[in-house]
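Structure record follows, encoded as structure tokens.
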Amino acid sequence: MVKFLDWLYALFGMKKNVRLGIYGSVNVGKTTIANRISKDWTGEEVGKVSKIPHETRFVQKKEKIELKHKNKKIMLNLLDMPGLATKIDYREFLKYGISKRAAKQRAKEATDGVIEAIKWLSNVDTVLAVMDATQDPLTQINITLLGNLEARKIPVIIVANKIDKKKAKPQAIRDAFPQYPVVEVSGLKGTNIDKLYEHIAKYSGRAR
Amino acid sequence: MKNIKNIKMDFVSATILDDKPKEKRINFILNKVKDGTILVTDGVLKPDEEMELIRETMRRVDDGFPGIEVASLKRQSKGALALIEKFSDQKERVQTLIAGLTGKVPEKTSMRTGLTLIGPARFIKKIKKNPDSFSVFTEL
């Protein structure tokens with residue numbers, strides 16, 4: 001019976017439970033997006049948001065989120081990933097008034113978090129690649145992330161976040177990565193969040 | 001890591017890296033970079049190798065080595081060359097699959113045509129990337 005249901009879901013290009021990974025660089029608003037999705041559909045948040053980089057140092061999960069868009073229903077397991085980075089310097093955290101010991105501990109946990117996020121790449125069905133629309137999108141992290149998702153044939157939606165900010169240039173993200181679907185949102189204000197749900201419903205669970 | 005007063009840059013031919021299996025290739029790069037060298041090579045790592053480089057960098061981060069800055073420019077092949085590269089990619093995937101099934105060490109993979117710069121984040125402060133070029137900003 002379970003196999004039959006899986007077959008049925010596969011037939012319609014759907015997976016029973018879609019593991020939706022939220023990836024991106026540090027401080028691009030991944031947890032804000034995760035909180036917005038989770039709060040809209042379950043009333044609960046996923047994690048804490050902070051201005052201090054690497055606030056999310058462990059994979060944060062919210063399971064069995066039932067997302068509905070038009071006549072489509074998707075069961076999501078939301079995975080909010082630690083921010084990807086090529087460098088983590090504990091001295092950066094000292095600027096935020098953290099003690100040296102706490103900063104070193106934070107840096108250690110952050111490096112482990114990056115390793116864990118990379119490990120999860122082989123375990124997600126769809127990815128929201130979150131980018132800060134006020135920043136230059138052509139970073140090695142974004143390029144490496146998208147290249148890996150493409151090589152693994154994992155459907156990806158680019159989320160151009162922070163469009164509520166004056167400096168936001170979401171078009172720069174579209175220009176940098178024209179081959180990917182891009183949704184312009186403000187996770188903080190909820191702007192265009194329905195468009196994001198439309199895209200998740202459209203792209204989630206498509207066969208790898 | 002030593003106190004850096006001068007920048008040492010090594011320009012390494014991709015063929016030297018091609019001769020090494022994936023793990024040794026990443027080790028070679030990180031050993032040089034951790035020692036304070038900026039490495040430039042006439043080749044581009046594959047996406048999975050780039051991710052492995054990030055993962056291995058994170059394993060090696062300590063007080064004196066906060067990580068790396070990396071930028072690459074991939075040459076976009078056209079026409080017959082693009083087809084050959086696509087075929088080569090498929091061939092390598094099949095070889096890796098067979099190696100995995102038989103438990104043998106995977107075959108070496110070639111780097112793609114292009115340019116890669118990898119250096120210590122301790123003094124490379126920013127890399128500004130454009131589609132066809134990049135600028136490196138350092139602070140000693």
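By order in the structure tokens, chains are A, B, ...; within a chain, residues start at 1; ligands start at 1, following the order shown.
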Counting only C-alpha atoms, give me one row per residue of chain B with an atom at most 7 Å from an atom of chain A, showing the shortest contact pair and its distance in Å to one decimal, sorted by chain then residue number, as a tab-separated table.
```
residue	atom	partner	partner_atom	distance
B:Pro47	CA	A:Asn148	CA	5.1
B:Asp48	CA	A:Asn148	CA	6.0
B:Glu50	CA	A:Thr144	CA	6.4
B:Met51	CA	A:Thr144	CA	6.7
B:Ile54	CA	A:Thr86	CA	5.7
B:Arg55	CA	A:Ile115	CA	5.4
B:Met58	CA	A:Thr111	CA	5.2
B:Pro66	CA	A:Asp89	CA	4.8
B:Gly67	CA	A:Lys87	CA	4.0
B:Ile68	CA	A:Thr86	CA	5.5
B:Glu69	CA	A:Thr86	CA	6.5
B:Val70	CA	A:Gln140	CA	6.6
B:Ala71	CA	A:Gln140	CA	6.0
B:Ala121	CA	A:Lys87	CA	6.5
B:Lys129	CA	A:Leu138	CA	6.1
B:Asn130	CA	A:Leu138	CA	7.0
```
Spatial neighbours of A:Gln135, 12 Å, only C-alpha atoms, chain gap at least 2 places, as a PDB file with N, CA and C atoms, in the first residue's frame:
```
ATOM      1  N   SER A  25      24.542  31.730   2.070  1.00  0.00           N
ATOM      2  CA  SER A  25      25.656  32.274   2.860  1.00  0.00           C
ATOM      3  C   SER A  25      25.159  32.692   4.241  1.00  0.00           C
ATOM      4  N   VAL A  26      26.058  33.239   5.010  1.00  0.00           N
ATOM      5  CA  VAL A  26      25.737  33.674   6.370  1.00  0.00           C
ATOM      6  C   VAL A  26      24.966  34.999   6.326  1.00  0.00           C
ATOM      7  N   ASN A  27      23.983  35.141   7.213  1.00  0.00           N
ATOM      8  CA  ASN A  27      23.205  36.389   7.373  1.00  0.00           C
ATOM      9  C   ASN A  27      22.468  36.846   6.110  1.00  0.00           C
ATOM     10  N   VAL A  28      21.978  35.899   5.329  1.00  0.00           N
ATOM     11  CA  VAL A  28      21.179  36.284   4.157  1.00  0.00           C
ATOM     12  C   VAL A  28      19.683  36.218   4.478  1.00  0.00           C
ATOM     13  N   VAL A 130      18.901  30.923  -0.629  1.00  0.00           N
ATOM     14  CA  VAL A 130      18.573  32.287  -0.206  1.00  0.00           C
ATOM     15  C   VAL A 130      19.766  33.215  -0.451  1.00  0.00           C
ATOM     16  N   MET A 131      19.476  34.358  -1.068  1.00  0.00           N
ATOM     17  CA  MET A 131      20.520  35.364  -1.314  1.00  0.00           C
ATOM     18  C   MET A 131      20.027  36.714  -0.811  1.00  0.00           C
ATOM     19  N   ASP A 132      20.942  37.502  -0.293  1.00  0.00           N
ATOM     20  CA  ASP A 132      20.636  38.842   0.191  1.00  0.00           C
ATOM     21  C   ASP A 132      20.636  39.789  -1.008  1.00  0.00           C
ATOM     22  N   ALA A 133      19.466  40.348  -1.324  1.00  0.00           N
ATOM     23  CA  ALA A 133      19.339  41.190  -2.527  1.00  0.00           C
ATOM     24  C   ALA A 133      20.095  42.515  -2.409  1.00  0.00           C
ATOM     25  N   PRO A 137      25.561  39.153  -5.706  1.00  0.00           N
ATOM     26  CA  PRO A 137      25.226  37.716  -5.702  1.00  0.00           C
ATOM     27  C   PRO A 137      26.334  36.808  -6.238  1.00  0.00           C
ATOM     28  N   LEU A 138      27.300  37.403  -6.944  1.00  0.00           N
ATOM     29  CA  LEU A 138      28.336  36.559  -7.575  1.00  0.00           C
ATOM     30  C   LEU A 138      29.425  36.179  -6.564  1.00  0.00           C
ATOM     31  N   THR A 139      29.036  35.449  -5.545  1.00  0.00           N
ATOM     32  CA  THR A 139      30.014  34.977  -4.565  1.00  0.00           C
ATOM     33  C   THR A 139      30.340  33.518  -4.864  1.00  0.00           C
ATOM     34  N   ASN A 142      27.677  31.084  -3.477  1.00  0.00           N
ATOM     35  CA  ASN A 142      26.476  30.921  -4.311  1.00  0.00           C
ATOM     36  C   ASN A 142      26.776  30.079  -5.543  1.00  0.00           C
ATOM     37  N   ALA A 160      15.442  35.726  -3.565  1.00  0.00           N
ATOM     38  CA  ALA A 160      16.098  37.035  -3.445  1.00  0.00           C
ATOM     39  C   ALA A 160      15.451  37.738  -2.258  1.00  0.00           C
ATOM     40  N   ASN A 161      16.114  37.663  -1.115  1.00  0.00           N
ATOM     41  CA  ASN A 161      15.526  38.138   0.145  1.00  0.00           C
ATOM     42  C   ASN A 161      15.921  39.596   0.430  1.00  0.00           C
ATOM     43  N   LYS A 162      15.232  40.179   1.380  1.00  0.00           N
ATOM     44  CA  LYS A 162      15.484  41.544   1.878  1.00  0.00           C
ATOM     45  C   LYS A 162      15.126  42.611   0.848  1.00  0.00           C
ATOM     46  N   ILE A 163      14.074  42.362   0.058  1.00  0.00           N
ATOM     47  CA  ILE A 163      13.702  43.371  -0.958  1.00  0.00           C
ATOM     48  C   ILE A 163      13.053  44.601  -0.326  1.00  0.00           C
ATOM     49  N   LYS A 165      14.576  46.382   1.768  1.00  0.00           N
ATOM     50  CA  LYS A 165      15.682  47.332   2.009  1.00  0.00           C
ATOM     51  C   LYS A 165      15.875  48.232   0.781  1.00  0.00           C
ATOM     52  N   LYS A 166      16.233  49.484   1.042  1.00  0.00           N
ATOM     53  CA  LYS A 166      16.410  50.459  -0.044  1.00  0.00           C
ATOM     54  C   LYS A 166      17.488  50.032  -1.045  1.00  0.00           C
ATOM     55  N   LYS A 167      18.558  49.415  -0.506  1.00  0.00           N
ATOM     56  CA  LYS A 167      19.698  49.045  -1.358  1.00  0.00           C
ATOM     57  C   LYS A 167      19.446  47.782  -2.194  1.00  0.00           C
ATOM     58  N   ALA A 168      18.292  47.160  -2.000  1.00  0.00           N
ATOM     59  CA  ALA A 168      18.032  45.861  -2.654  1.00  0.00           C
ATOM     60  C   ALA A 168      18.024  45.973  -4.179  1.00  0.00           C
ATOM     61  N   LYS A 169      18.747  45.043  -4.814  1.00  0.00           N
ATOM     62  CA  LYS A 169      18.755  44.986  -6.276  1.00  0.00           C
ATOM     63  C   LYS A 169      18.500  43.543  -6.715  1.00  0.00           C
ATOM     64  N   PRO A 170      17.256  43.077  -6.579  1.00  0.00           N
ATOM     65  CA  PRO A 170      16.978  41.677  -6.933  1.00  0.00           C
ATOM     66  C   PRO A 170      17.263  41.344  -8.398  1.00  0.00           C
ATOM     67  N   GLN A 171      17.206  42.384  -9.248  1.00  0.00           N
ATOM     68  CA  GLN A 171      17.477  42.143 -10.671  1.00  0.00           C
ATOM     69  C   GLN A 171      18.911  41.640 -10.873  1.00  0.00           C
ATOM     70  N   ALA A 172      19.833  42.080  -9.985  1.00  0.00           N
ATOM     71  CA  ALA A 172      21.227  41.634 -10.091  1.00  0.00           C
ATOM     72  C   ALA A 172      21.322  40.124  -9.895  1.00  0.00           C
ATOM     73  N   ILE A 173      20.441  39.586  -9.054  1.00  0.00           N
ATOM     74  CA  ILE A 173      20.434  38.123  -8.832  1.00  0.00           C
ATOM     75  C   ILE A 173      19.898  37.426 -10.087  1.00  0.00           C
TER      76      ILE A 173
ATOM     77  N   LYS B 128      36.151  40.604  -5.473  1.00  0.00           N
ATOM     78  CA  LYS B 128      35.019  41.169  -6.216  1.00  0.00           C
ATOM     79  C   LYS B 128      34.952  40.450  -7.557  1.00  0.00           C
TER      80      LYS B 128
END
```
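Distances from B:Leu45, B:Met9, B:Leu17, B:Leu53 to B:Leu30 were compared using only C-alpha atoms, and the smallest one belongs to B:Leu53.
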request  = Quick one: everything within 9 Å of A:Lys48, counting only C-alpha atoms, minus sequence neighbours fewer than 6 positions away in the same chain. Send it as a PyMOL selection string.
outcome  = chain A and resi 31-32+35+55-56
For C-alpha atoms, I'd like the residues from the last selection saved as a tab-separated table (two decimals), in the first residue's frame.
```
chain	number	residue	atom	x	y	z
A	31	THR	CA	16.05	31.51	9.40
A	32	THR	CA	13.75	34.50	8.76
A	35	ASN	CA	10.28	31.16	10.40
A	55	GLU	CA	23.43	32.32	14.82
A	56	THR	CA	22.24	29.07	13.23
```
request  = Just give me the gap between atom CA of B:Leu39 and atom CA of B:Ile118 in Å, one decimal is fine.
outcome  = 5.2 Å
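All residues of protein, DNA or RNA that reach within 7 Å of stretch 198-202 of chain A, judged by only C-alpha atoms and not counting those fewer than 5 positions away in the chain, are A:His69, A:Lys72, A:Ile74.
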query = Where in chain A does DSSP assign alpha helix (DSSP H), given as a ChimeraX atom specification?
reply = /A:2-11,30-42,90-94,100-120,140-151,170-176,193-203
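Comparing the minimum interatomic distances between A:Ile65 and each of A:Met81, A:Leu20, A:Ile98, A:Ile52, counting only C-alpha atoms, we find that A:Leu20 sits nearest.
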Spatial neighbours of B:Asn31, 12 Å, only C-alpha atoms, chain gap at least 5 places, as a PDB file with C-alpha atoms, in the first residue's frame:
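The result, written out as selection.pdb:
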```pdb
ATOM      1  CA  MET B   1      50.654  30.398  10.659  1.00  0.00           C
ATOM      2  CA  LYS B  24      45.407  14.678  -2.383  1.00  0.00           C
ATOM      3  CA  ARG B  25      44.525  17.553  -4.698  1.00  0.00           C
ATOM      4  CA  ILE B  26      42.561  19.285  -1.934  1.00  0.00           C
ATOM      5  CA  GLY B  36      50.268  31.667   3.629  1.00  0.00           C
ATOM      6  CA  THR B  37      50.541  31.111  -0.125  1.00  0.00           C
ATOM      7  CA  ILE B  38      48.084  32.376  -2.714  1.00  0.00           C
ATOM      8  CA  LEU B  39      47.636  29.628  -5.241  1.00  0.00           C
ATOM      9  CA  LEU B  53      37.418  22.084  -0.400  1.00  0.00           C
ATOM     10  CA  GLU B  56      38.034  20.325   4.436  1.00  0.00           C
ATOM     11  CA  THR B  57      38.795  24.021   5.077  1.00  0.00           C
ATOM     12  CA  ARG B  60      41.244  22.902   9.477  1.00  0.00           C
ATOM     13  CA  PHE B  65      43.832  30.001  10.049  1.00  0.00           C
ATOM     14  CA  GLY B  67      39.788  29.875   6.282  1.00  0.00           C
ATOM     15  CA  ILE B  68      40.164  30.672   2.607  1.00  0.00           C
ATOM     16  CA  ILE B 118      42.691  30.281  -3.611  1.00  0.00           C
ATOM     17  CA  GLY B 119      44.300  32.185  -0.762  1.00  0.00           C
ATOM     18  CA  PRO B 120      44.282  32.635   3.007  1.00  0.00           C
TER      19      PRO B 120
END
```
